[in-house]
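Visitor: coords-v9.txt is reproduced in full below (compact mmCIF, C-alpha atoms and all ligand atoms).
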# COMPACT_ATOMS: atom_id res chain seq x y z
CA MET Y 8 7.16 21.50 11.29
CA THR Y 9 4.06 22.99 12.84
CA ARG Y 10 1.47 20.70 14.32
CA THR Y 11 -1.67 20.11 12.29
CA PRO Y 12 -4.62 18.89 14.36
CA GLY Y 13 -6.19 15.72 13.02
CA PHE Y 14 -3.28 14.79 10.77
CA LEU Y 15 -3.22 10.98 10.46
CA TRP Y 16 0.02 9.55 11.80
CA GLY Y 17 0.39 5.89 11.14
CA VAL Y 18 2.16 2.82 9.89
CA ALA Y 19 1.04 0.54 7.10
CA THR Y 20 1.06 -3.20 6.51
CA GLY Y 21 -0.41 -5.45 3.82
CA ALA Y 22 -2.38 -8.68 4.30
CA HIS Y 23 -0.49 -11.24 2.24
CA GLN Y 24 2.93 -9.90 3.19
CA THR Y 25 2.30 -10.34 6.91
CA GLU Y 26 -0.55 -12.81 7.62
CA GLY Y 27 0.85 -16.11 6.41
CA GLY Y 28 -0.98 -19.13 5.06
CA ASN Y 29 -3.12 -17.42 2.44
CA VAL Y 30 -3.56 -20.75 0.72
CA ALA Y 31 -6.60 -19.77 -1.37
CA SER Y 32 -4.84 -16.87 -3.13
CA ASP Y 33 -3.35 -16.65 -6.60
CA TRP Y 34 0.04 -15.63 -5.22
CA TRP Y 35 0.17 -18.67 -2.92
CA TYR Y 36 -0.56 -20.87 -5.92
CA ARG Y 37 2.15 -19.18 -8.02
CA GLU Y 38 4.71 -19.23 -5.20
CA ASN Y 39 4.26 -22.93 -4.63
CA GLN Y 40 4.24 -24.23 -8.20
CA PRO Y 41 7.19 -26.42 -9.16
CA GLY Y 42 9.65 -24.12 -10.97
CA SER Y 43 7.86 -21.03 -9.66
CA PRO Y 44 9.26 -17.73 -10.97
CA VAL Y 45 8.80 -16.36 -7.43
CA ALA Y 46 12.23 -16.60 -5.80
CA GLU Y 47 11.17 -17.09 -2.18
CA ARG Y 48 7.70 -18.08 -1.02
CA CYS Y 49 5.66 -16.18 1.55
CA GLY Y 50 4.67 -19.24 3.58
CA ASP Y 51 3.82 -18.26 7.14
CA ALA Y 52 4.81 -14.64 6.37
CA VAL Y 53 5.30 -13.06 9.80
CA ASP Y 54 2.22 -14.76 11.27
CA SER Y 55 0.28 -11.53 11.76
CA TYR Y 56 -2.94 -13.47 11.23
CA HIS Y 57 -2.40 -14.74 14.79
CA ARG Y 58 -0.09 -12.08 16.20
CA TRP Y 59 -2.16 -9.02 15.30
CA PRO Y 60 -2.76 -8.01 18.97
CA GLU Y 61 1.02 -7.78 19.43
CA ASP Y 62 1.32 -5.77 16.20
CA LEU Y 63 -1.37 -3.34 17.35
CA ASP Y 64 0.34 -2.99 20.73
CA LEU Y 65 3.57 -2.01 18.97
CA VAL Y 66 1.82 0.61 16.84
CA ALA Y 67 -0.16 2.17 19.68
CA GLY Y 68 2.71 1.86 22.16
CA ALA Y 69 5.00 3.86 19.89
CA GLY Y 70 2.54 6.75 19.81
CA PHE Y 71 0.92 6.35 16.39
CA THR Y 72 -2.75 7.18 16.06
CA ASP Y 73 -3.51 5.40 12.79
CA TYR Y 74 -2.96 1.93 11.38
CA ARG Y 75 -3.36 0.85 7.78
CA PHE Y 76 -3.80 -2.88 7.29
CA GLY Y 77 -5.20 -5.15 4.62
CA LEU Y 78 -8.05 -7.60 4.34
CA GLU Y 79 -7.40 -10.74 2.33
CA TRP Y 80 -10.19 -11.37 -0.17
CA SER Y 81 -9.14 -15.01 -0.56
CA ARG Y 82 -9.78 -15.58 3.15
CA VAL Y 83 -13.14 -13.83 3.11
CA GLU Y 84 -14.24 -15.66 -0.05
CA PRO Y 85 -12.00 -18.70 -0.46
CA ALA Y 86 -14.42 -20.23 -2.97
CA ASP Y 87 -16.67 -18.49 -5.47
CA GLY Y 88 -19.84 -17.61 -3.58
CA PHE Y 89 -18.73 -18.82 -0.15
CA VAL Y 90 -18.21 -16.09 2.45
CA SER Y 91 -16.23 -17.19 5.48
CA ARG Y 92 -18.01 -15.74 8.49
CA ALA Y 93 -15.00 -16.74 10.56
CA ALA Y 94 -12.68 -14.60 8.41
CA VAL Y 95 -15.08 -11.65 8.56
CA ALA Y 96 -15.27 -12.00 12.36
CA HIS Y 97 -11.48 -12.15 12.51
CA TYR Y 98 -11.09 -8.84 10.68
CA ARG Y 99 -13.82 -7.28 12.78
CA ARG Y 100 -11.88 -8.23 15.91
CA ILE Y 101 -8.79 -6.46 14.54
CA VAL Y 102 -10.79 -3.30 13.93
CA GLU Y 103 -12.19 -3.51 17.45
CA GLY Y 104 -8.70 -4.16 18.80
CA ALA Y 105 -7.37 -1.11 17.01
CA ARG Y 106 -10.15 1.09 18.37
CA GLU Y 107 -9.61 -0.23 21.89
CA ARG Y 108 -5.99 0.92 21.62
CA GLY Y 109 -6.98 4.34 20.30
CA LEU Y 110 -5.95 3.58 16.71
CA ARG Y 111 -8.01 4.66 13.69
CA PRO Y 112 -8.00 1.83 11.15
CA LEU Y 113 -7.52 2.49 7.44
CA LEU Y 114 -8.41 -0.73 5.61
CA THR Y 115 -7.07 -1.88 2.26
CA LEU Y 116 -9.52 -4.19 0.50
CA HIS Y 117 -7.20 -5.44 -2.25
CA HIS Y 118 -3.40 -5.49 -2.11
CA PHE Y 119 -2.08 -7.47 -5.12
CA THR Y 120 -3.48 -10.89 -4.14
CA LEU Y 121 -6.71 -12.32 -5.56
CA PRO Y 122 -8.73 -15.38 -4.65
CA LEU Y 123 -7.43 -18.13 -6.92
CA TRP Y 124 -10.93 -18.80 -8.27
CA PHE Y 125 -11.24 -15.13 -9.34
CA ALA Y 126 -7.79 -15.05 -10.92
CA ALA Y 127 -8.30 -18.37 -12.70
CA GLY Y 128 -11.45 -16.97 -14.29
CA GLY Y 129 -9.56 -14.03 -15.84
CA GLY Y 130 -8.91 -11.74 -12.86
CA TRP Y 131 -9.68 -8.08 -13.39
CA LEU Y 132 -10.51 -8.72 -17.06
CA ARG Y 133 -13.46 -10.97 -16.17
CA PRO Y 134 -16.72 -9.45 -17.39
CA ASP Y 135 -18.13 -9.90 -13.87
CA ALA Y 136 -15.07 -8.42 -12.08
CA ALA Y 137 -16.96 -5.47 -10.59
CA GLU Y 138 -19.95 -7.61 -9.59
CA ARG Y 139 -17.69 -10.11 -7.80
CA PHE Y 140 -15.69 -7.37 -6.07
CA LEU Y 141 -18.91 -5.70 -4.89
CA ARG Y 142 -20.08 -9.01 -3.43
CA TYR Y 143 -16.84 -9.07 -1.40
CA VAL Y 144 -17.34 -5.42 -0.39
CA ASP Y 145 -20.87 -6.23 0.80
CA ALA Y 146 -19.59 -9.19 2.83
CA LEU Y 147 -17.32 -6.81 4.75
CA ALA Y 148 -20.18 -4.81 6.29
CA PRO Y 149 -19.63 -6.23 9.82
CA VAL Y 150 -15.97 -5.21 9.62
CA LEU Y 151 -16.64 -1.72 8.32
CA GLU Y 152 -19.35 -1.14 10.90
CA ALA Y 153 -16.95 -1.85 13.77
CA GLY Y 154 -15.47 1.64 13.59
CA VAL Y 155 -13.60 1.96 10.31
CA GLU Y 156 -13.16 5.57 9.18
CA ARG Y 157 -11.24 5.06 5.94
CA VAL Y 158 -10.97 2.48 3.19
CA GLU Y 159 -8.49 2.14 0.35
CA THR Y 160 -10.32 0.00 -2.23
CA ILE Y 161 -7.29 -1.09 -4.26
CA ASN Y 162 -3.59 -0.80 -3.51
CA GLU Y 163 -1.54 0.46 -6.46
CA PRO Y 164 -3.79 -0.45 -9.38
CA ASN Y 165 -1.13 1.07 -11.63
CA ILE Y 166 1.41 -1.53 -10.51
CA VAL Y 167 -1.20 -4.30 -10.86
CA ALA Y 168 -1.72 -3.19 -14.47
CA MET Y 169 2.06 -3.51 -14.99
CA PHE Y 170 2.33 -7.01 -13.47
CA PRO Y 171 2.54 -9.00 -16.73
CA LYS Y 172 5.28 -6.75 -18.10
CA LEU Y 173 7.12 -6.53 -14.77
CA ALA Y 174 7.17 -10.33 -14.59
CA ALA Y 175 8.47 -10.54 -18.14
CA GLY Y 176 11.11 -7.85 -18.14
CA GLY Y 177 11.92 -6.25 -14.78
CA LEU Y 178 12.58 -2.56 -14.43
CA ALA Y 179 15.28 -1.92 -17.03
CA GLY Y 180 14.31 1.24 -18.89
CA GLY Y 181 11.95 2.44 -16.15
CA LEU Y 182 8.50 1.26 -15.20
CA PRO Y 183 6.66 -0.46 -18.06
CA GLU Y 184 3.47 1.07 -19.40
CA PRO Y 185 0.41 -0.38 -17.66
CA ASP Y 186 -1.86 -2.66 -19.66
CA GLN Y 187 -4.73 -0.53 -20.97
CA ALA Y 188 -7.51 -3.10 -20.55
CA THR Y 189 -6.48 -3.76 -16.95
CA THR Y 190 -6.27 -0.01 -16.30
CA ASP Y 191 -9.81 0.49 -17.59
CA ALA Y 192 -11.15 -2.50 -15.67
CA MET Y 193 -9.61 -1.43 -12.38
CA ILE Y 194 -10.87 2.11 -12.68
CA ALA Y 195 -14.36 0.74 -13.32
CA VAL Y 196 -14.15 -1.57 -10.29
CA HIS Y 197 -12.89 1.25 -8.09
CA ARG Y 198 -15.67 3.62 -9.12
CA ALA Y 199 -18.28 0.91 -8.53
CA ALA Y 200 -16.79 0.10 -5.11
CA VAL Y 201 -16.70 3.76 -4.04
CA ALA Y 202 -20.36 4.15 -4.99
CA ARG Y 203 -21.35 0.98 -3.12
CA LEU Y 204 -19.36 1.82 0.00
CA ARG Y 205 -20.77 5.33 0.13
CA ALA Y 206 -24.33 4.11 -0.36
CA ASN Y 207 -24.05 1.46 2.37
CA HIS Y 208 -21.74 3.21 4.82
CA PRO Y 209 -22.46 6.92 5.03
CA GLY Y 210 -19.59 8.77 6.62
CA LEU Y 211 -16.95 6.25 5.53
CA ARG Y 212 -14.11 7.98 3.66
CA VAL Y 213 -13.05 6.12 0.55
CA GLY Y 214 -10.15 6.36 -1.87
CA TRP Y 215 -7.43 4.27 -3.48
CA GLY Y 216 -3.65 4.23 -3.24
CA ILE Y 217 -1.48 4.97 -6.26
CA SER Y 218 2.23 4.30 -6.67
CA VAL Y 219 3.58 7.78 -7.45
CA GLN Y 220 7.32 8.14 -7.88
CA ASP Y 221 9.06 11.47 -8.29
CA TYR Y 222 9.78 11.78 -12.00
CA GLN Y 223 11.59 15.00 -12.99
CA ALA Y 224 12.23 16.22 -16.53
CA GLU Y 225 15.69 16.88 -17.90
CA PRO Y 226 15.77 20.22 -19.75
CA GLY Y 227 13.51 19.91 -22.80
CA ALA Y 228 11.95 16.65 -21.57
CA GLU Y 229 8.70 18.14 -20.22
CA ALA Y 230 6.51 16.59 -22.93
CA ALA Y 231 8.28 13.24 -22.59
CA LEU Y 232 7.69 13.35 -18.84
CA GLU Y 233 4.00 14.01 -19.33
CA ALA Y 234 3.76 11.12 -21.80
CA TYR Y 235 5.59 8.84 -19.36
CA ALA Y 236 3.63 9.80 -16.27
CA GLU Y 237 0.14 9.92 -17.81
CA PRO Y 238 -0.49 6.16 -18.22
CA ARG Y 239 1.78 5.14 -15.32
CA ASP Y 240 0.08 7.10 -12.56
CA GLN Y 241 -1.75 10.24 -13.64
CA VAL Y 242 -4.72 8.47 -15.20
CA PHE Y 243 -5.19 6.62 -11.89
CA LEU Y 244 -4.79 9.77 -9.81
CA ARG Y 245 -7.38 11.52 -11.95
CA ALA Y 246 -9.74 8.56 -11.56
CA GLY Y 247 -9.80 9.44 -7.86
CA ALA Y 248 -11.70 12.67 -8.61
CA GLY Y 249 -14.67 12.87 -6.30
CA ASP Y 250 -13.14 10.45 -3.77
CA ASP Y 251 -12.61 11.46 -0.16
CA PHE Y 252 -8.85 11.11 -0.51
CA VAL Y 253 -6.20 9.81 -2.87
CA GLY Y 254 -3.44 7.67 -1.35
CA ILE Y 255 0.10 8.44 -2.47
CA GLN Y 256 2.74 5.68 -2.20
CA THR Y 257 6.27 6.93 -2.86
CA TYR Y 258 9.71 5.39 -2.49
CA THR Y 259 12.05 6.89 -5.05
CA GLY Y 260 12.52 9.21 -7.96
CA GLY Y 261 14.47 9.76 -11.11
CA ARG Y 262 15.01 11.98 -14.10
CA LEU Y 263 13.69 11.42 -17.59
CA ARG Y 264 15.36 12.34 -20.90
CA ALA Y 265 13.56 13.88 -23.85
CA ASP Y 266 13.51 10.45 -25.55
CA GLY Y 267 11.45 9.13 -22.63
CA THR Y 268 14.20 7.00 -21.09
CA PRO Y 269 15.34 7.36 -17.48
CA VAL Y 270 18.74 8.88 -16.75
CA GLU Y 271 21.09 6.21 -15.40
CA ASN Y 272 22.84 7.26 -12.23
CA PRO Y 273 25.53 4.65 -11.55
CA SER Y 274 27.04 6.51 -8.60
CA ALA Y 275 23.72 6.90 -6.73
CA GLU Y 276 23.26 5.19 -3.38
CA ARG Y 277 20.83 2.28 -3.81
CA THR Y 278 18.48 0.71 -1.29
CA GLN Y 279 18.09 -3.06 -0.82
CA THR Y 280 15.46 -3.03 -3.57
CA GLY Y 281 17.88 -1.34 -5.98
CA TRP Y 282 16.02 1.97 -5.95
CA GLU Y 283 17.86 5.28 -5.66
CA PHE Y 284 18.03 6.56 -2.08
CA THR Y 285 15.97 9.71 -2.61
CA PRO Y 286 14.21 10.92 0.56
CA GLY Y 287 13.00 14.12 -1.11
CA ALA Y 288 11.08 12.07 -3.68
CA LEU Y 289 8.05 12.19 -1.38
CA GLY Y 290 7.69 15.95 -1.66
CA GLY Y 291 8.13 15.88 -5.44
CA ALA Y 292 5.58 13.11 -5.88
CA VAL Y 293 3.07 14.87 -3.63
CA ARG Y 294 3.48 18.17 -5.49
CA ARG Y 295 2.81 16.53 -8.87
CA ALA Y 296 -0.08 14.45 -7.51
CA ALA Y 297 -1.67 17.53 -5.95
CA ARG Y 298 -1.63 19.25 -9.34
CA VAL Y 299 -3.22 16.24 -11.04
CA VAL Y 300 -6.00 15.47 -8.54
CA GLY Y 301 -7.22 19.05 -8.23
CA GLY Y 302 -8.98 19.54 -4.94
CA VAL Y 303 -9.01 15.97 -3.61
CA PRO Y 304 -7.09 15.66 -0.30
CA LEU Y 305 -4.04 13.42 -0.33
CA ILE Y 306 -2.90 10.91 2.28
CA VAL Y 307 0.59 9.44 2.11
CA THR Y 308 -0.45 5.80 2.49
CA GLU Y 309 3.08 4.40 1.97
CA ASN Y 310 6.60 5.78 2.21
CA GLY Y 311 9.69 4.01 3.46
CA VAL Y 312 13.03 2.49 2.62
CA ALA Y 313 14.52 -1.00 2.41
CA THR Y 314 17.73 -0.86 4.43
CA ALA Y 315 19.58 -2.96 6.99
CA ASP Y 316 20.85 0.26 8.60
CA ASP Y 317 18.13 1.67 10.84
CA ALA Y 318 19.98 4.99 11.25
CA ARG Y 319 19.74 5.35 7.46
CA ARG Y 320 15.97 4.68 7.72
CA ILE Y 321 15.67 7.56 10.17
CA GLU Y 322 17.71 9.80 7.85
CA TYR Y 323 15.58 8.82 4.86
CA THR Y 324 12.33 9.43 6.72
CA THR Y 325 13.55 12.75 8.13
CA GLY Y 326 14.29 13.94 4.58
CA ALA Y 327 10.98 12.59 3.31
CA LEU Y 328 9.01 14.38 6.03
CA GLU Y 329 10.88 17.64 5.42
CA SER Y 330 10.04 17.46 1.73
CA LEU Y 331 6.42 16.64 2.61
CA ARG Y 332 6.20 19.61 4.97
CA ALA Y 333 7.61 21.92 2.27
CA ALA Y 334 5.04 20.64 -0.25
CA MET Y 335 2.27 21.22 2.30
CA ASP Y 336 3.57 24.71 3.06
CA ASP Y 337 3.36 25.39 -0.68
CA GLY Y 338 -0.30 24.36 -0.70
CA ALA Y 339 -0.52 20.59 -1.14
CA ASP Y 340 -3.53 19.37 0.84
CA VAL Y 341 -2.10 16.34 2.68
CA ARG Y 342 -4.10 14.83 5.54
CA GLY Y 343 -1.85 12.07 6.81
CA TYR Y 344 1.33 10.00 6.65
CA PHE Y 345 1.63 6.21 6.94
CA HIS Y 346 5.10 4.69 7.03
CA TRP Y 347 5.79 1.47 5.13
CA SER Y 348 6.13 -0.70 7.05
CA LEU Y 349 5.56 -1.74 10.64
CA LEU Y 350 7.36 -5.08 10.22
CA ASP Y 351 10.13 -6.57 8.18
CA ASN Y 352 7.96 -8.71 5.93
CA TRP Y 353 7.69 -10.64 2.67
CA GLU Y 354 8.63 -8.33 -0.18
CA TRP Y 355 6.81 -9.97 -3.09
CA GLY Y 356 9.15 -12.88 -3.71
CA HIS Y 357 12.01 -11.87 -1.44
CA TRP Y 358 12.77 -11.88 2.27
CA GLY Y 359 15.95 -9.83 1.90
CA PRO Y 360 14.67 -6.23 1.75
CA THR Y 361 13.80 -4.95 5.22
CA PHE Y 362 11.35 -2.04 5.26
CA GLY Y 363 10.27 -2.53 8.89
CA LEU Y 364 10.36 -0.35 11.96
CA VAL Y 365 10.30 -3.70 13.74
CA ALA Y 366 12.50 -6.73 13.00
CA VAL Y 367 10.92 -10.19 12.97
CA ASP Y 368 12.67 -13.48 13.72
CA ARG Y 369 11.35 -15.74 11.00
CA ALA Y 370 11.75 -18.89 13.06
CA THR Y 371 10.00 -17.72 16.23
CA PHE Y 372 8.11 -14.70 14.82
CA ALA Y 373 9.45 -12.67 17.76
CA ARG Y 374 9.18 -8.93 17.11
CA THR Y 375 12.08 -6.64 18.03
CA PRO Y 376 11.46 -2.91 17.63
CA LYS Y 377 14.22 -0.94 15.92
CA PRO Y 378 15.07 2.58 17.20
CA SER Y 379 13.13 4.04 14.24
CA LEU Y 380 9.81 2.80 15.70
CA ALA Y 381 9.96 4.90 18.84
CA TRP Y 382 11.57 7.78 16.94
CA LEU Y 383 8.83 8.02 14.32
CA GLY Y 384 6.02 7.43 16.79
CA SER Y 385 7.34 10.13 19.09
CA LEU Y 386 7.17 12.74 16.34
CA ALA Y 387 3.44 12.68 16.74
CA PRO Y 388 2.23 12.77 20.32
CA SER Y 389 -0.96 14.34 19.06
CA GLY Y 390 -1.14 12.59 15.73
CA VAL Y 391 0.73 15.13 13.68
CA PRO Y 392 4.15 15.50 12.10
CA ALA Y 393 6.55 17.57 14.15
C1 LIG N 1 3.52 -2.06 -2.19
C2 LIG N 1 4.03 -2.85 -1.01
C3 LIG N 1 5.52 -3.08 -1.14
C4 LIG N 1 6.21 -1.73 -1.16
C5 LIG N 1 7.72 -1.81 -1.25
C6 LIG N 1 4.43 -0.98 -2.65
O1 LIG N 1 4.54 -1.08 -4.02
O2 LIG N 1 2.21 -1.62 -1.96
O3 LIG N 1 3.33 -4.05 -0.94
O4 LIG N 1 6.02 -3.89 -0.12
O5 LIG N 1 5.76 -0.98 -2.25
O6 LIG N 1 8.12 -2.42 -2.43
Can I see the file as structure tokens?
Ligand code: BGC
Guide:
Amino acid sequence: MTRTPGFLWGVATGAHQTEGGNVASDWWYRENQPGSPVAERCGDAVDSYHRWPEDLDLVAGAGFTDYRFGLEWSRVEPADGFVSRAAVAHYRRIVEGARERGLRPLLTLHHFTLPLWFAAGGGWLRPDAAERFLRYVDALAPVLEAGVERVETINEPNIVAMFPKLAAGGLAGGLPEPDQATTDAMIAVHRAAVARLRANHPGLRVGWGISVQDYQAEPGAEAALEAYAEPRDQVFLRAGAGDDFVGIQTYTGGRLRADGTPVENPSAERTQTGWEFTPGALGGAVRRAARVVGGVPLIVTENGVATADDARRIEYTTGALESLRAAMDDGADVRGYFHWSLLDNWEWGHWGPTFGLVAVDRATFARTPKPSLAWLGSLAPSGVPA
């Protein structure tokens, strides 16, 4: 691949999956209820709330130039109306620490977890959802002013809008259709947050990150594919019109029949999360997203694979980057790539799937880089894919 000056080259993490001890969040509450449907609790996660300097050292030391990490709303506002200055100062220190190491931070403001008080009052369907989210956004000013260039308001709103159905029925038959009221509410909150961030922080680049998998149509299934994709990701991609970027988060792909059902592929290699091992899905997802968003630049804000075999991770990522390069050569306007994830971490109810470039001992929290960390970092000595 040719080098593209300014291309963002990074790794991504999420707040709840890595920080540990997010006791004021809705997920913590759910994980720790007697008879919880969540198989394994997050607990201390991988203690990144305290070990963030070490995490940043790993990212910068490997040669990356960009780091995507999350802020935890339930730490910033653990009670309705109370802003923790200590939590805001903590996140500001991480931004400063990233800049000191030459890393450009991309912040995620919401990544699946909510403050329990917000969730208990109806979550995204509360009439005051946007107002409350904007209050949180305003509280983050000291963090954003410490040198943040990019913000993802909401991580995968399309998956959030599927949560009730995912909890009820799993993935049999493909991804469920997102709940319409939640879809509408999240789009409204995102638009309000973009407007507020732009008004208060000129120069900040704002977008959101959408889960976009590579759906392909079987012959004659083009209309079915459109009907499948429209509520599941395209409406969210289109809602990013006018943003500075749209984040694309891709892991896998599949084919759809004319009756709208996914083609089963029993012989396919599966990852630890049960998804088909499809490195080229990234290019397919980016091509479709580029068509849907029109002229808005894309950033791959997540792409990776859950595997215990790090050589397979390198193979997957090599294929993914080749497919990305081909999509870019064909005109897709992609400005960066963030690998999911820096660390083996808590995978929403499970500790088994390992997405990390770095292994973590869950008893001592010791970090051990896998060969893929140095490999991926070294592809980008000047912040660009090779
Ligand atoms: C989420 C991450 C998650 C990853 C792998 C994305 O849906 O944003 O939190 O760990 O996929 O499942």
Visitor: Which residue gives the smallest distance to Y:Leu331 among Y:Pro122, Y:Ala206, Y:Gly343, Y:Arg239, with only C-alpha atoms counted?
Guide: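 The shortest atom-to-atom distance to Y:Leu331 comes from Y:Gly343.
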Visitor: Which residues sit within 10 Å of ligand LIG 1 (chain N), counting all atoms listed in the file, listed as an NGL selection string?
Guide: :Y and (19-24 or 118-119 or 161-167 or 216-219 or 256-258 or 280 or 282 or 308-313 or 347-348 or 351-355 or 360-362)
Visitor: Restricting the calculation to only C-alpha atoms, which member of Y:Ala296, Y:Leu328, Y:Ala94, Y:Ala146 is positioned closest to Y:Asn207?
Guide: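 Selected residue with least distance to Y:Asn207: Y:Ala146.
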Visitor: Write out as number ranges by chain each polymer residue whose atoms come within 7 Å of Y:Val299, counting all atoms listed in the file; drop sequence neighbours fewer than 4 positions from it.
Guide: Y: 241, 244-245, 295
Visitor: Quick one: of Y:Thr160, Y:Thr190, Y:Ser91, Y:Thr120, who's nearest to Y:Asp250, counting all atoms listed in the file?
Guide: Y:Thr160
Visitor: Using only C-alpha atoms, can you tell me which of Y:Ala31, Y:Val66, Y:Val307, Y:Ala127 comes closest to Y:Leu364?
Guide: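 Distance minimum relative to Y:Leu364 lands on Y:Val66.
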Visitor: Quick one: distance from atom CA of Y:Ala96 to atom CA of Y:Ser55 in Å, one decimal?
Guide: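 Separating atom CA of Y:Ala96 from atom CA of Y:Ser55 is a distance of 15.6 Å.
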Visitor: Mind checking which residues fall within 12 Å of stretch 79-89 of chain Y, counting only C-alpha atoms, ignoring those fewer than 5 positions away in the same chain, and posting them as an MDAnalysis selection string?
Guide: chainID Y and resid 21:36 56 94:99 114:128 138:148 150 160:161
Visitor: Between atom CA of Y:Glu233 and atom CA of Y:Gly260, measure the distance and give it in Å to one decimal.
Guide: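 Atom CA of Y:Gly260 lies at a distance of 15.0 Å from atom CA of Y:Glu233.
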Visitor: List the neighbours of Y:Gly210 out to 12 Å using only C-alpha atoms; skip same-chain residues closer than 6 positions along the sequence, and give me the result as a ChimeraX atom specification.
Guide: /Y:151-152,154-158,204,251
Visitor: Would you compute the distance between atom CA of Y:Val45 and atom CA of Y:Gly281? Give it in Å to one decimal.
Guide: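 Straight-line distance from atom CA of Y:Val45 to atom CA of Y:Gly281 works out to 17.6 Å.
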Visitor: Which residue, Y:Asp240, Y:Asp62, Y:Asp135, Y:Asp368, has the smallest gap to Y:Ala292 when you use only C-alpha atoms?
Guide: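 Closest to Y:Ala292, using only C-alpha atoms: Y:Asp240.
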Visitor: Counting all atoms listed in the file, note down every residue that has an atom within 12 Å of the point (-13.2, 7.2, -13.2) (file coordinates), as a CSV table (one decimal) with C-alpha atoms, keeping the file's coordinate frame.
Guide:
chain,number,residue,atom,x,y,z
Y,190,THR,CA,-6.3,0.0,-16.3
Y,191,ASP,CA,-9.8,0.5,-17.6
Y,192,ALA,CA,-11.2,-2.5,-15.7
Y,193,MET,CA,-9.6,-1.4,-12.4
Y,194,ILE,CA,-10.9,2.1,-12.7
Y,195,ALA,CA,-14.4,0.7,-13.3
Y,196,VAL,CA,-14.2,-1.6,-10.3
Y,197,HIS,CA,-12.9,1.2,-8.1
Y,198,ARG,CA,-15.7,3.6,-9.1
Y,199,ALA,CA,-18.3,0.9,-8.5
Y,200,ALA,CA,-16.8,0.1,-5.1
Y,201,VAL,CA,-16.7,3.8,-4.0
Y,202,ALA,CA,-20.4,4.2,-5.0
Y,214,GLY,CA,-10.2,6.4,-1.9
Y,215,TRP,CA,-7.4,4.3,-3.5
Y,241,GLN,CA,-1.8,10.2,-13.6
Y,242,VAL,CA,-4.7,8.5,-15.2
Y,243,PHE,CA,-5.2,6.6,-11.9
Y,244,LEU,CA,-4.8,9.8,-9.8
Y,245,ARG,CA,-7.4,11.5,-12.0
Y,246,ALA,CA,-9.7,8.6,-11.6
Y,247,GLY,CA,-9.8,9.4,-7.9
Y,248,ALA,CA,-11.7,12.7,-8.6
Y,249,GLY,CA,-14.7,12.9,-6.3
Y,250,ASP,CA,-13.1,10.4,-3.8
Y,300,VAL,CA,-6.0,15.5,-8.5
Visitor: Let me make sure I understand: among Y:Gly17, Y:Tyr235, Y:Thr285, Y:Ile101, which one has the smallest atom-to-atom distance to Y:Leu78 if we use all atoms listed in the file?
Guide: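 Going through Y:Gly17, Y:Tyr235, Y:Thr285, Y:Ile101 one by one, the smallest distance to Y:Leu78 is for Y:Ile101.
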Visitor: Skipping near chain neighbours, those fewer than 4 positions away, what residues fall within 8 Å of stretch 333-342 of chain Y using only C-alpha atoms, listed as JSON, numbers by chain?
Guide: {"Y": [13, 14, 15, 290, 291, 293, 294, 297, 302, 303, 304, 305, 306, 307, 329]}
Visitor: Neighbourhood query: residues within 7 Å of (17.0, 17.4, -26.3), file coordinates, counting all atoms listed in the file; return as a list in words.
Guide: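 Final list of nearby residues, as requested, is Gly227, Ala228 and Ala265 of chain Y.
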